>>> print(open('coords-v2.cif').read())   # mmCIF, C-alpha atoms
data_work
loop_
_atom_site.label_atom_id
_atom_site.label_comp_id
_atom_site.auth_asym_id
_atom_site.auth_seq_id
_atom_site.Cartn_x
_atom_site.Cartn_y
_atom_site.Cartn_z
CA MET A 1 -61.90 -48.27 -2.95
CA ALA A 2 -60.33 -44.84 -2.65
CA ASN A 3 -56.64 -44.58 -3.31
CA ILE A 4 -54.98 -43.35 -0.18
CA GLY A 5 -52.03 -40.98 -0.34
CA ASN A 6 -49.43 -42.05 -2.85
CA ALA A 7 -50.70 -45.61 -2.74
CA ILE A 8 -50.00 -48.04 -5.54
CA PRO A 9 -52.98 -48.60 -7.88
CA GLU A 10 -55.44 -51.30 -6.83
CA LYS A 11 -54.83 -53.41 -9.93
CA THR A 12 -51.08 -53.37 -9.33
CA ILE A 13 -51.65 -54.50 -5.74
CA GLU A 14 -53.77 -57.39 -7.04
CA ARG A 15 -51.09 -58.38 -9.51
CA LEU A 16 -48.31 -58.14 -6.91
CA SER A 17 -50.28 -60.55 -4.75
CA GLU A 18 -50.63 -62.88 -7.75
CA TYR A 19 -46.96 -62.61 -8.74
CA ARG A 20 -45.94 -63.44 -5.21
CA ARG A 21 -48.09 -66.56 -5.17
CA THR A 22 -46.48 -67.71 -8.41
CA LEU A 23 -43.00 -66.83 -7.13
CA LEU A 24 -43.61 -68.76 -3.90
CA SER A 25 -44.60 -71.76 -5.95
CA CYS A 26 -41.44 -71.37 -8.10
CA HIS A 27 -39.33 -71.07 -4.97
CA LYS A 28 -40.85 -74.28 -3.60
CA GLN A 29 -39.89 -76.04 -6.82
CA GLY A 30 -36.30 -74.85 -6.53
CA ILE A 31 -36.51 -72.26 -9.30
CA THR A 32 -34.15 -69.40 -8.38
CA HIS A 33 -34.66 -66.98 -11.30
CA ILE A 34 -37.53 -66.03 -13.55
CA PHE A 35 -37.74 -63.77 -16.60
CA SER A 36 -40.42 -61.07 -16.75
CA HIS A 37 -41.91 -62.63 -19.89
CA VAL A 38 -42.24 -66.01 -18.15
CA LEU A 39 -43.95 -64.44 -15.14
CA ALA A 40 -46.14 -62.49 -17.57
CA GLY A 41 -47.05 -65.63 -19.52
CA ILE A 42 -48.22 -67.44 -16.40
CA HIS A 43 -50.53 -64.54 -15.62
CA GLY A 44 -51.75 -63.99 -19.17
CA ILE A 45 -50.38 -60.44 -19.37
CA THR A 46 -47.48 -58.71 -21.15
CA ALA A 47 -43.89 -58.54 -19.90
CA VAL A 48 -44.18 -54.76 -20.16
CA GLN A 49 -47.00 -54.86 -17.60
CA VAL A 50 -44.91 -56.96 -15.20
CA ARG A 51 -41.93 -54.63 -15.53
CA ARG A 52 -44.13 -51.57 -15.08
CA ASP A 53 -45.67 -53.01 -11.90
CA LEU A 54 -42.25 -53.81 -10.44
CA MET A 55 -40.90 -50.41 -11.44
CA LEU A 56 -43.82 -48.83 -9.58
CA ILE A 57 -42.69 -50.47 -6.37
CA GLY A 58 -39.06 -49.57 -7.05
CA PHE A 59 -37.82 -53.05 -7.94
CA SER A 60 -35.31 -53.06 -10.77
CA SER A 61 -32.75 -55.77 -10.12
CA ASP A 62 -33.37 -57.51 -13.42
CA THR A 63 -30.30 -59.55 -14.36
CA LYS A 64 -29.34 -61.67 -17.34
CA LYS A 65 -30.86 -64.61 -15.52
CA GLY A 66 -34.10 -62.75 -14.87
CA TYR A 67 -35.44 -61.74 -11.48
CA ASP A 68 -34.05 -63.41 -8.37
CA VAL A 69 -37.15 -65.24 -7.11
CA LYS A 70 -36.33 -65.08 -3.40
CA VAL A 71 -35.33 -61.41 -3.51
CA LEU A 72 -38.49 -60.48 -5.41
CA ILE A 73 -40.70 -62.41 -2.96
CA ASP A 74 -39.18 -60.49 -0.06
CA PHE A 75 -39.49 -57.20 -1.91
CA ILE A 76 -43.18 -57.71 -2.69
CA SER A 77 -43.86 -58.99 0.83
CA ASN A 78 -42.33 -55.83 2.21
CA ILE A 79 -44.85 -53.80 0.18
CA LEU A 80 -47.93 -55.94 0.82
CA ASP A 81 -47.54 -57.26 4.33
CA SER A 82 -47.83 -55.58 7.67
CA PRO A 83 -44.86 -56.17 9.98
CA GLN A 84 -47.17 -58.22 12.21
CA PRO A 85 -49.46 -60.96 10.88
CA MET A 86 -53.07 -59.83 10.71
CA ASN A 87 -55.80 -61.95 12.25
CA VAL A 88 -58.90 -62.58 10.19
CA ALA A 89 -62.38 -63.72 11.24
CA VAL A 90 -64.95 -65.36 8.97
CA LEU A 91 -68.53 -64.24 9.60
CA GLY A 92 -70.82 -66.99 8.39
CA MET A 93 -69.67 -70.61 8.20
CA GLY A 94 -71.99 -71.86 5.48
CA HIS A 95 -70.56 -73.35 2.29
CA LEU A 96 -68.75 -70.15 1.34
CA GLY A 97 -67.24 -69.56 4.77
CA GLN A 98 -66.05 -73.15 4.93
CA ALA A 99 -64.61 -72.98 1.42
CA ILE A 100 -62.63 -69.88 2.37
CA THR A 101 -61.41 -71.35 5.65
CA LYS A 102 -60.30 -74.58 4.02
CA TYR A 103 -58.59 -72.62 1.32
CA PHE A 104 -56.51 -70.49 3.67
CA ASN A 105 -55.65 -73.26 6.09
CA GLY A 106 -51.97 -73.97 6.43
CA LYS A 107 -50.99 -71.63 3.61
CA GLY A 108 -48.57 -69.93 5.97
CA LEU A 109 -49.74 -66.48 4.93
CA LYS A 110 -49.28 -63.32 6.92
CA LEU A 111 -53.07 -63.27 7.08
CA ARG A 112 -54.39 -65.89 9.46
CA ILE A 113 -57.97 -66.96 9.91
CA THR A 114 -58.17 -67.34 13.66
CA ALA A 115 -61.89 -67.39 14.34
CA ALA A 116 -65.23 -68.07 12.71
CA PHE A 117 -68.68 -66.86 13.75
CA ASP A 118 -72.14 -68.21 13.07
CA VAL A 119 -75.51 -68.51 14.81
CA ASP A 120 -76.21 -72.13 13.88
CA PRO A 121 -76.18 -74.24 17.10
CA ALA A 122 -74.71 -77.12 15.07
CA LYS A 123 -71.63 -74.99 14.33
CA VAL A 124 -71.18 -72.78 17.39
CA GLY A 125 -68.70 -74.34 19.83
CA GLN A 126 -67.27 -76.61 17.15
CA THR A 127 -63.86 -76.47 15.53
CA ILE A 128 -64.31 -76.41 11.75
CA ASP A 129 -61.23 -77.05 9.64
CA GLY A 130 -59.12 -76.21 12.65
CA ILE A 131 -60.86 -72.87 13.29
CA PRO A 132 -62.99 -72.37 16.42
CA CYS A 133 -66.53 -71.25 15.66
CA TYR A 134 -68.15 -68.82 18.11
CA HIS A 135 -71.66 -67.40 18.37
CA MET A 136 -72.01 -64.11 16.52
CA ASP A 137 -73.31 -62.53 19.75
CA ARG A 138 -69.81 -62.83 21.14
CA PHE A 139 -68.11 -61.21 18.15
CA GLU A 140 -67.02 -57.94 19.76
CA GLU A 141 -65.59 -59.66 22.83
CA ILE A 142 -63.74 -62.40 20.90
CA ALA A 143 -62.50 -60.01 18.21
CA GLU A 144 -60.82 -57.96 20.91
CA ASP A 145 -59.40 -60.99 22.73
CA LEU A 146 -57.97 -62.47 19.54
CA ASP A 147 -56.86 -59.14 18.08
CA ILE A 148 -58.89 -59.58 14.88
CA SER A 149 -58.32 -56.78 12.37
CA LEU A 150 -59.95 -58.11 9.19
CA VAL A 151 -63.25 -59.88 8.57
CA ILE A 152 -64.63 -61.84 5.66
CA VAL A 153 -68.42 -61.56 5.40
CA SER A 154 -69.79 -64.83 4.04
CA SER A 155 -73.14 -64.79 5.81
CA PRO A 156 -76.49 -65.01 4.07
CA THR A 157 -77.10 -61.71 2.24
CA LYS A 158 -80.09 -60.75 4.37
CA VAL A 159 -78.01 -61.03 7.55
CA ALA A 160 -75.14 -58.88 6.26
CA PRO A 161 -76.51 -55.41 7.16
CA SER A 162 -76.89 -56.48 10.81
CA LEU A 163 -73.14 -57.20 10.94
CA VAL A 164 -72.08 -53.62 10.18
CA LEU A 165 -72.49 -52.30 13.72
CA PRO A 166 -70.68 -55.18 15.47
CA ILE A 167 -67.85 -54.82 12.93
CA ILE A 168 -67.53 -51.10 13.67
CA ASN A 169 -67.77 -51.63 17.43
CA ALA A 170 -65.10 -54.32 17.37
CA GLY A 171 -62.63 -51.90 15.78
CA ILE A 172 -62.22 -53.96 12.62
CA ARG A 173 -60.08 -52.20 10.00
CA GLY A 174 -60.83 -54.12 6.80
CA VAL A 175 -63.86 -55.97 5.40
CA LEU A 176 -64.09 -58.35 2.48
CA ASN A 177 -67.79 -58.71 1.74
CA PHE A 178 -69.02 -61.57 -0.47
CA THR A 179 -72.75 -61.05 0.02
CA SER A 180 -75.09 -59.32 -2.45
CA THR A 181 -75.63 -56.33 -0.18
CA PRO A 182 -73.04 -53.61 -0.49
CA LEU A 183 -71.91 -52.70 3.01
CA ASN A 184 -70.92 -49.17 3.93
CA PHE A 185 -68.58 -48.27 6.74
CA PRO A 186 -67.29 -45.01 8.17
CA GLN A 187 -64.00 -43.65 6.85
CA GLY A 188 -61.05 -45.55 8.23
CA ILE A 189 -62.54 -48.97 7.55
CA VAL A 190 -61.48 -50.43 4.22
CA VAL A 191 -64.20 -52.41 2.47
CA GLU A 192 -64.22 -54.49 -0.70
CA ASN A 193 -67.59 -55.75 -1.92
CA TYR A 194 -67.26 -58.80 -4.16
CA ASP A 195 -70.60 -60.05 -5.26
CA ILE A 196 -70.17 -63.23 -7.28
CA THR A 197 -73.07 -62.22 -9.54
CA THR A 198 -71.20 -59.07 -10.51
CA LEU A 199 -68.10 -61.03 -11.43
CA LEU A 200 -70.10 -63.45 -13.57
CA GLU A 201 -72.14 -60.70 -15.20
CA LYS A 202 -68.89 -58.96 -16.09
CA VAL A 203 -67.53 -62.07 -17.81
CA ALA A 204 -70.86 -62.47 -19.63
CA TYR A 205 -70.76 -58.85 -20.79
CA PHE A 206 -67.27 -59.19 -22.26
CA VAL A 207 -68.29 -62.44 -23.97
CA LYS A 208 -71.27 -60.66 -25.50
CA GLU A 209 -69.04 -57.76 -26.59
CA SER A 210 -66.48 -60.04 -28.18
CA GLU A 211 -69.21 -61.93 -30.03
CA GLU A 212 -70.69 -58.69 -31.32
CA ASN A 213 -67.26 -57.54 -32.44
CA GLU A 214 -66.69 -60.82 -34.24
CA ARG A 215 -70.01 -60.53 -36.02
CA GLY A 216 -69.23 -56.89 -36.81
CA SER A 217 -65.91 -57.77 -38.44
CA GLU A 218 -67.26 -60.59 -40.57
CA MET B 1 -59.08 -58.36 -19.04
CA ALA B 2 -58.43 -56.45 -22.22
CA ASN B 3 -60.92 -53.80 -23.20
CA ILE B 4 -62.44 -54.76 -26.48
CA GLY B 5 -63.34 -52.16 -29.07
CA ASN B 6 -65.21 -49.24 -27.59
CA ALA B 7 -66.23 -51.33 -24.62
CA ILE B 8 -67.26 -49.71 -21.37
CA PRO B 9 -64.57 -49.83 -18.65
CA GLU B 10 -64.51 -52.93 -16.47
CA LYS B 11 -65.19 -51.01 -13.27
CA THR B 12 -68.25 -49.36 -14.82
CA ILE B 13 -69.57 -52.76 -15.88
CA GLU B 14 -69.13 -54.00 -12.31
CA ARG B 15 -70.99 -50.99 -10.95
CA LEU B 16 -73.80 -51.31 -13.51
CA SER B 17 -74.33 -54.87 -12.37
CA GLU B 18 -74.41 -53.64 -8.77
CA TYR B 19 -76.77 -50.74 -9.53
CA ARG B 20 -79.12 -53.12 -11.29
CA ARG B 21 -79.24 -55.43 -8.31
CA THR B 22 -80.10 -52.51 -6.04
CA LEU B 23 -82.70 -51.22 -8.53
CA LEU B 24 -84.31 -54.65 -8.78
CA SER B 25 -84.59 -54.74 -5.02
CA CYS B 26 -86.14 -51.21 -5.04
CA HIS B 27 -88.57 -52.27 -7.76
CA LYS B 28 -89.61 -55.28 -5.68
CA GLN B 29 -90.33 -52.95 -2.77
CA GLY B 30 -92.54 -50.75 -4.95
CA ILE B 31 -90.06 -47.86 -5.21
CA THR B 32 -90.56 -46.21 -8.62
CA HIS B 33 -87.91 -43.47 -8.58
CA ILE B 34 -84.46 -43.05 -7.08
CA PHE B 35 -82.08 -40.09 -6.93
CA SER B 36 -78.47 -40.52 -8.03
CA HIS B 37 -77.23 -39.57 -4.56
CA VAL B 38 -79.41 -42.25 -2.95
CA LEU B 39 -78.15 -44.90 -5.34
CA ALA B 40 -74.62 -43.61 -4.71
CA GLY B 41 -75.07 -43.76 -0.94
CA ILE B 42 -76.15 -47.40 -1.04
CA HIS B 43 -72.98 -48.26 -2.95
CA GLY B 44 -70.66 -46.06 -0.91
CA ILE B 45 -69.65 -43.90 -3.88
CA THR B 46 -70.35 -40.34 -5.03
CA ALA B 47 -73.41 -39.21 -7.02
CA VAL B 48 -70.97 -37.85 -9.61
CA GLN B 49 -69.68 -41.38 -10.15
CA VAL B 50 -73.20 -42.76 -10.61
CA ARG B 51 -74.09 -40.02 -13.10
CA ARG B 52 -70.81 -40.51 -14.97
CA ASP B 53 -71.42 -44.27 -15.27
CA LEU B 54 -74.95 -43.73 -16.58
CA MET B 55 -73.77 -41.03 -18.98
CA LEU B 56 -71.20 -43.51 -20.33
CA ILE B 57 -74.01 -45.86 -21.34
CA GLY B 58 -76.09 -42.99 -22.74
CA PHE B 59 -78.70 -42.86 -20.00
CA SER B 60 -79.73 -39.33 -19.12
CA SER B 61 -83.42 -39.35 -18.25
CA ASP B 62 -82.91 -37.85 -14.83
CA THR B 63 -86.12 -36.15 -13.69
CA LYS B 64 -87.12 -34.10 -10.68
CA LYS B 65 -88.18 -37.35 -9.05
CA GLY B 66 -84.84 -38.99 -9.83
CA TYR B 67 -84.30 -41.94 -12.16
CA ASP B 68 -87.27 -44.08 -13.15
CA VAL B 69 -86.31 -47.40 -11.54
CA LYS B 70 -88.00 -49.66 -14.09
CA VAL B 71 -86.67 -47.73 -17.10
CA LEU B 72 -83.14 -47.75 -15.71
CA ILE B 73 -83.28 -51.50 -14.99
CA ASP B 74 -84.27 -52.15 -18.60
CA PHE B 75 -81.63 -49.78 -19.91
CA ILE B 76 -78.82 -51.43 -17.91
CA SER B 77 -80.11 -54.91 -18.81
CA ASN B 78 -79.94 -53.97 -22.46
CA ILE B 79 -76.25 -53.16 -22.01
CA LEU B 80 -75.26 -56.09 -19.81
CA ASP B 81 -77.38 -58.98 -21.00
CA SER B 82 -77.27 -61.07 -24.11
CA PRO B 83 -80.60 -61.35 -25.93
CA GLN B 84 -80.68 -65.05 -25.00
CA PRO B 85 -80.02 -66.29 -21.44
CA MET B 86 -76.53 -67.79 -21.08
CA ASN B 87 -76.09 -71.19 -19.54
CA VAL B 88 -73.42 -71.62 -16.92
CA ALA B 89 -71.70 -74.74 -15.59
CA VAL B 90 -69.94 -75.06 -12.26
CA LEU B 91 -66.74 -77.12 -12.36
CA GLY B 92 -66.14 -78.49 -8.88
CA MET B 93 -68.98 -78.98 -6.41
CA GLY B 94 -67.05 -78.68 -3.16
CA HIS B 95 -68.01 -76.02 -0.64
CA LEU B 96 -67.31 -73.16 -3.03
CA GLY B 97 -69.21 -74.68 -5.94
CA GLN B 98 -72.17 -75.40 -3.72
CA ALA B 99 -72.08 -71.90 -2.23
CA ILE B 100 -72.17 -70.42 -5.73
CA THR B 101 -74.95 -72.72 -6.92
CA LYS B 102 -77.09 -72.03 -3.88
CA TYR B 103 -76.49 -68.36 -4.32
CA PHE B 104 -77.64 -68.21 -7.92
CA ASN B 105 -80.60 -70.51 -7.52
CA GLY B 106 -83.92 -68.96 -8.27
CA LYS B 107 -82.50 -65.47 -8.70
CA GLY B 108 -84.15 -65.25 -12.09
CA LEU B 109 -81.00 -63.94 -13.73
CA LYS B 110 -80.20 -64.05 -17.42
CA LEU B 111 -77.32 -66.27 -16.38
CA ARG B 112 -78.52 -69.72 -15.39
CA ILE B 113 -76.48 -72.44 -13.75
CA THR B 114 -77.71 -75.50 -15.60
CA ALA B 115 -75.07 -78.12 -14.82
CA ALA B 116 -72.38 -78.99 -12.33
CA PHE B 117 -69.38 -81.26 -12.77
CA ASP B 118 -67.24 -83.15 -10.30
CA VAL B 119 -65.35 -86.44 -10.03
CA ASP B 120 -66.55 -87.42 -6.56
CA PRO B 121 -68.74 -90.57 -6.87
CA ALA B 122 -70.86 -89.24 -3.98
CA LYS B 123 -71.81 -86.22 -6.10
CA VAL B 124 -71.87 -87.47 -9.69
CA GLY B 125 -75.40 -88.47 -10.70
CA GLN B 126 -76.94 -86.47 -7.87
CA THR B 127 -78.99 -83.30 -8.09
CA ILE B 128 -77.44 -80.71 -5.79
CA ASP B 129 -79.52 -77.62 -5.02
CA GLY B 130 -81.60 -78.41 -8.06
CA ILE B 131 -78.61 -78.68 -10.42
CA PRO B 132 -77.66 -82.03 -11.95
CA CYS B 133 -74.06 -83.05 -11.26
CA TYR B 134 -72.21 -84.93 -14.01
CA HIS B 135 -68.81 -86.58 -14.13
CA MET B 136 -66.12 -84.22 -15.43
CA ASP B 137 -65.24 -86.81 -18.09
CA ARG B 138 -68.53 -85.99 -19.79
CA PHE B 139 -68.01 -82.24 -19.76
CA GLU B 140 -67.52 -81.67 -23.49
CA GLU B 141 -70.54 -83.76 -24.44
CA ILE B 142 -72.89 -82.27 -21.83
CA ALA B 143 -71.68 -78.71 -22.43
CA GLU B 144 -72.65 -79.08 -26.07
CA ASP B 145 -76.02 -80.72 -25.29
CA LEU B 146 -76.95 -78.05 -22.75
CA ASP B 147 -75.49 -75.14 -24.73
CA ILE B 148 -73.20 -74.04 -21.91
CA SER B 149 -71.29 -70.86 -22.72
CA LEU B 150 -69.80 -69.86 -19.35
CA VAL B 151 -68.05 -71.86 -16.66
CA ILE B 152 -67.19 -71.15 -13.05
CA VAL B 153 -64.04 -72.97 -11.94
CA SER B 154 -64.38 -73.87 -8.27
CA SER B 155 -62.33 -77.05 -8.31
CA PRO B 156 -59.32 -77.69 -6.06
CA THR B 157 -56.46 -75.49 -7.29
CA LYS B 158 -54.26 -78.40 -8.32
CA VAL B 159 -56.99 -79.73 -10.62
CA ALA B 160 -57.62 -76.40 -12.37
CA PRO B 161 -54.90 -76.62 -15.08
CA SER B 162 -56.33 -79.93 -16.30
CA LEU B 163 -59.66 -78.21 -16.99
CA VAL B 164 -58.25 -75.77 -19.56
CA LEU B 165 -58.29 -78.18 -22.50
CA PRO B 166 -61.83 -79.50 -21.94
CA ILE B 167 -63.03 -75.90 -21.59
CA ILE B 168 -61.43 -74.96 -24.91
CA ASN B 169 -62.71 -78.09 -26.63
CA ALA B 170 -66.23 -77.50 -25.41
CA GLY B 171 -66.30 -74.10 -27.07
CA ILE B 172 -66.79 -72.22 -23.78
CA ARG B 173 -66.65 -68.45 -24.22
CA GLY B 174 -66.15 -67.15 -20.68
CA VAL B 175 -64.42 -68.44 -17.55
CA LEU B 176 -64.68 -67.21 -13.98
CA ASN B 177 -61.81 -68.85 -12.12
CA PHE B 178 -61.76 -68.89 -8.31
CA THR B 179 -58.75 -71.17 -7.84
CA SER B 180 -55.22 -70.00 -6.96
CA THR B 181 -53.84 -70.95 -10.36
CA PRO B 182 -54.21 -68.29 -13.02
CA LEU B 183 -55.67 -69.98 -16.10
CA ASN B 184 -54.74 -68.86 -19.61
CA PHE B 185 -56.91 -69.35 -22.66
CA PRO B 186 -56.51 -68.53 -26.33
CA GLN B 187 -57.88 -65.24 -27.59
CA GLY B 188 -61.64 -65.30 -27.88
CA ILE B 189 -62.19 -66.83 -24.45
CA VAL B 190 -62.79 -64.26 -21.74
CA VAL B 191 -61.27 -65.18 -18.40
CA GLU B 192 -61.42 -63.55 -14.99
CA ASN B 193 -59.18 -64.96 -12.29
CA TYR B 194 -60.43 -64.17 -8.78
CA ASP B 195 -58.22 -65.66 -6.17
CA ILE B 196 -59.72 -65.02 -2.75
CA THR B 197 -56.22 -64.59 -1.29
CA THR B 198 -55.61 -61.69 -3.66
CA LEU B 199 -58.80 -59.97 -2.59
CA LEU B 200 -57.96 -60.34 1.07
CA GLU B 201 -54.33 -59.29 0.59
CA LYS B 202 -55.58 -56.19 -1.19
CA VAL B 203 -57.84 -55.24 1.72
CA ALA B 204 -54.94 -55.88 4.12
CA TYR B 205 -52.63 -53.68 2.06
CA PHE B 206 -55.05 -50.74 2.10
CA VAL B 207 -55.55 -51.18 5.84
CA LYS B 208 -51.79 -51.07 6.32
CA GLU B 209 -51.54 -47.97 4.11
CA SER B 210 -54.31 -46.16 5.95
CA GLU B 211 -52.70 -46.97 9.31
CA GLU B 212 -49.34 -45.67 8.10
CA ASN B 213 -50.99 -42.50 6.81
CA GLU B 214 -52.73 -41.99 10.16
CA ARG B 215 -49.48 -42.38 12.01
CA GLY B 216 -47.80 -40.05 9.52
CA SER B 217 -50.34 -37.30 10.11
CA GLU B 218 -50.24 -37.47 13.91
#
>>> encode(input="coords-v2.cif", output="C-alpha cells")
Amino acid sequence: MANIGNAIPEKTIERLSEYRRTLLSCHKQGITHIFSHVLAGIHGITAVQVRRDLMLIGFSSDTKKGYDVKVLIDFISNILDSPQPMNVAVLGMGHLGQAITKYFNGKGLKLRITAAFDVDPAKVGQTIDGIPCYHMDRFEEIAEDLDISLVIVSSPTKVAPSLVLPIINAGIRGVLNFTSTPLNFPQGIVVENYDITTLLEKVAYFVKESEENERGSE
Amino acid sequence: MANIGNAIPEKTIERLSEYRRTLLSCHKQGITHIFSHVLAGIHGITAVQVRRDLMLIGFSSDTKKGYDVKVLIDFISNILDSPQPMNVAVLGMGHLGQAITKYFNGKGLKLRITAAFDVDPAKVGQTIDGIPCYHMDRFEEIAEDLDISLVIVSSPTKVAPSLVLPIINAGIRGVLNFTSTPLNFPQGIVVENYDITTLLEKVAYFVKESEENERGSE
C-alpha cells in the first residue's frame, strides 16, 4: 500500500493496533501502568521498537511507573480511529466470512460489521451471528443505506473479480481482500490483499532460511 | 519477523509468492511469456518494483517477449520452497480452520495440510475436507509421526497460549497465528502473528488518512 503524505509506516500502524489490543486487555484486568519492555515482551519485539513507535506518534509520557495504560489507549485510538465508527460489510459468508464475523462480534471496536452479503439462498435473508445477510445483487443499495465504508472480501476466489465493480459503484473506501486473486481499484480506494497462502509460504521460507543458516554454521 | 542472514526482505518474499501464483495461473492458461508491466498491473504495483524484486533474487532473463513464465516459476520456487514438501497442521477446526483447510486442498502446493487438531468430540476422529482431525492431546505424538513442521493456529483466542508448549515440544519450526493473542516462541521457531483486526484497522487508518489528505487539498 502506498504511504500517503506524512503517514506513519504501515508496520508501525500494525503494531499500534496490536499494542492497543494488549493495552485494552490490561485495562480490563485493572492494570493501570505498563513498562515498554513488558509491552515489548508480550509482542516478541524489543523495548526500543516500542519506544520508537510511540515516539513516531508523538507519545512520550513515560513515567517511573511506565506508560499510563488508559492515556496510551486514548492516544493510539486518536491516531488509528476515525471520529465516527466505520461500518464494514463482509462479502461472502462461507467459513471464512463467518469466522471473521464471529470474531468481530461484540468486540466494541470502532469498526462494526453491519452487513453480510452472499448469493446462497440458504444464507440470504438470514441473520448469521447477529449480522443480516443480503443478496449480493443488492450490495450497492444496502451499502448506501447502511453507510458502509469498508468491505472484507471472503468470497470464493473465482467470484472476487466480479465484486470490484459493485465495490467501486457503492463508494467503498477500503477493501481487505482474503481471496487468492489480487484486486485492483482506482486511486482513492485503499486495498490490502492478504492471501493465506502467501502468509504460510513466507513462514515456510524463513524456516528454510533458518535451517540453512544453522547447517551453514555447524 | 527478524531478517536472518542475507535473507530477502519480507515484503519481497510476499510478492514472490504472489507472482508465482499469478504465473502458475498464466501457465495453466497456456501463456508462455509475460512482461514485467503486465505482471505489475495484475498486482497493482509498478514494473520497476517487479524488476527490482526479480533482480534481488538474481533473475534477469528478460527477453523481448517478456519473462518466460515456466522458467520464472521454477526460479521463484527454487527460492521459496524447501527441497522436500513441508507438512502443515491446523490447530482449531472452527470456521477459520475449515476455511483454511478447504482453501489449501488440492492446490498442489509444496506445503501440505496433513492433519487437523481440535478438542470438540464432534470433530475429533472425523475427516474434514479430506484432512483427519485428531484430539489436541495427541498433538506431539501425531506431529512426530506425520513429520509436521508448520502449524496454523486458528483456535479460539483464549486457547492459543496453551498451545505454545505443545508446539515447542513437538519440534515445530514455523507458526502462523491468526488469533488475537500474540504468541512468543524461543529463537529458532519462526512466528507470524496475523490478527484480522489489525489488518482491518490498518485499512481503516489509511482510509482515514486519505480522506484527511483530500480535505486538506480542497
>>> resolve_selection(input="coords-v2.cif", expression="the PyMOL selection byres ((chain A and resi 144-152) around 8)", output="count of residues only")
23
>>> atom_distance(input="coords-v2.cif", atom1="CA of Val38 in chain B", atom2="CA of Lys110 in chain B")
26.2 Å
>>> residues_near_point(input="coords-v2.cif", point="(-69.8, -55.1, 4.7)", cutoff="12 Å", atoms="only C-alpha atoms", output="mmCIF file with C-alpha atoms, keeping the file's coordinate frame")
data_model
loop_
_atom_site.group_PDB
_atom_site.id
_atom_site.type_symbol
_atom_site.label_atom_id
_atom_site.label_comp_id
_atom_site.auth_asym_id
_atom_site.auth_seq_id
_atom_site.Cartn_x
_atom_site.Cartn_y
_atom_site.Cartn_z
ATOM 1 C CA LEU A 91 -68.530 -64.240 9.600
ATOM 2 C CA LEU A 150 -59.950 -58.110 9.190
ATOM 3 C CA VAL A 151 -63.250 -59.880 8.570
ATOM 4 C CA ILE A 152 -64.630 -61.840 5.660
ATOM 5 C CA VAL A 153 -68.420 -61.560 5.400
ATOM 6 C CA SER A 154 -69.790 -64.830 4.040
ATOM 7 C CA SER A 155 -73.140 -64.790 5.810
ATOM 8 C CA PRO A 156 -76.490 -65.010 4.070
ATOM 9 C CA THR A 157 -77.100 -61.710 2.240
ATOM 10 C CA LYS A 158 -80.090 -60.750 4.370
ATOM 11 C CA VAL A 159 -78.010 -61.030 7.550
ATOM 12 C CA ALA A 160 -75.140 -58.880 6.260
ATOM 13 C CA PRO A 161 -76.510 -55.410 7.160
ATOM 14 C CA SER A 162 -76.890 -56.480 10.810
ATOM 15 C CA LEU A 163 -73.140 -57.200 10.940
ATOM 16 C CA VAL A 164 -72.080 -53.620 10.180
ATOM 17 C CA LEU A 165 -72.490 -52.300 13.720
ATOM 18 C CA PRO A 166 -70.680 -55.180 15.470
ATOM 19 C CA ILE A 167 -67.850 -54.820 12.930
ATOM 20 C CA ILE A 168 -67.530 -51.100 13.670
ATOM 21 C CA ILE A 172 -62.220 -53.960 12.620
ATOM 22 C CA ARG A 173 -60.080 -52.200 10.000
ATOM 23 C CA GLY A 174 -60.830 -54.120 6.800
ATOM 24 C CA VAL A 175 -63.860 -55.970 5.400
ATOM 25 C CA LEU A 176 -64.090 -58.350 2.480
ATOM 26 C CA ASN A 177 -67.790 -58.710 1.740
ATOM 27 C CA PHE A 178 -69.020 -61.570 -0.470
ATOM 28 C CA THR A 179 -72.750 -61.050 0.020
ATOM 29 C CA SER A 180 -75.090 -59.320 -2.450
ATOM 30 C CA THR A 181 -75.630 -56.330 -0.180
ATOM 31 C CA PRO A 182 -73.040 -53.610 -0.490
ATOM 32 C CA LEU A 183 -71.910 -52.700 3.010
ATOM 33 C CA ASN A 184 -70.920 -49.170 3.930
ATOM 34 C CA PHE A 185 -68.580 -48.270 6.740
ATOM 35 C CA PRO A 186 -67.290 -45.010 8.170
ATOM 36 C CA ILE A 189 -62.540 -48.970 7.550
ATOM 37 C CA VAL A 190 -61.480 -50.430 4.220
ATOM 38 C CA VAL A 191 -64.200 -52.410 2.470
ATOM 39 C CA GLU A 192 -64.220 -54.490 -0.700
ATOM 40 C CA ASN A 193 -67.590 -55.750 -1.920
ATOM 41 C CA TYR A 194 -67.260 -58.800 -4.160
ATOM 42 C CA ASP A 195 -70.600 -60.050 -5.260
ATOM 43 C CA ILE B 42 -76.150 -47.400 -1.040
ATOM 44 C CA HIS B 43 -72.980 -48.260 -2.950
ATOM 45 C CA GLY B 44 -70.660 -46.060 -0.910
#
>>> resolve_selection(input="coords-v2.cif", expression="the PyMOL selection byres ((chain B and resi 97-99) around 10)", output="short mmCIF file (atom, residue, chain, number, x, y, z; two decimals) with C-alpha atoms, in the coordinates of the input")
data_model
loop_
_atom_site.label_atom_id
_atom_site.label_comp_id
_atom_site.auth_asym_id
_atom_site.auth_seq_id
_atom_site.Cartn_x
_atom_site.Cartn_y
_atom_site.Cartn_z
CA GLY A 94 -71.99 -71.86 5.48
CA HIS A 95 -70.56 -73.35 2.29
CA LEU A 96 -68.75 -70.15 1.34
CA GLY A 97 -67.24 -69.56 4.77
CA GLN A 98 -66.05 -73.15 4.93
CA ALA A 99 -64.61 -72.98 1.42
CA SER A 154 -69.79 -64.83 4.04
CA ALA B 89 -71.70 -74.74 -15.59
CA VAL B 90 -69.94 -75.06 -12.26
CA LEU B 91 -66.74 -77.12 -12.36
CA GLY B 92 -66.14 -78.49 -8.88
CA MET B 93 -68.98 -78.98 -6.41
CA GLY B 94 -67.05 -78.68 -3.16
CA HIS B 95 -68.01 -76.02 -0.64
CA LEU B 96 -67.31 -73.16 -3.03
CA ILE B 100 -72.17 -70.42 -5.73
CA THR B 101 -74.95 -72.72 -6.92
CA LYS B 102 -77.09 -72.03 -3.88
CA TYR B 103 -76.49 -68.36 -4.32
CA PHE B 104 -77.64 -68.21 -7.92
CA ALA B 116 -72.38 -78.99 -12.33
CA PHE B 117 -69.38 -81.26 -12.77
CA ASP B 118 -67.24 -83.15 -10.30
CA ILE B 128 -77.44 -80.71 -5.79
CA ASP B 129 -79.52 -77.62 -5.02
CA ILE B 131 -78.61 -78.68 -10.42
CA ILE B 152 -67.19 -71.15 -13.05
CA VAL B 153 -64.04 -72.97 -11.94
CA SER B 154 -64.38 -73.87 -8.27
CA SER B 155 -62.33 -77.05 -8.31
CA PHE B 178 -61.76 -68.89 -8.31
#
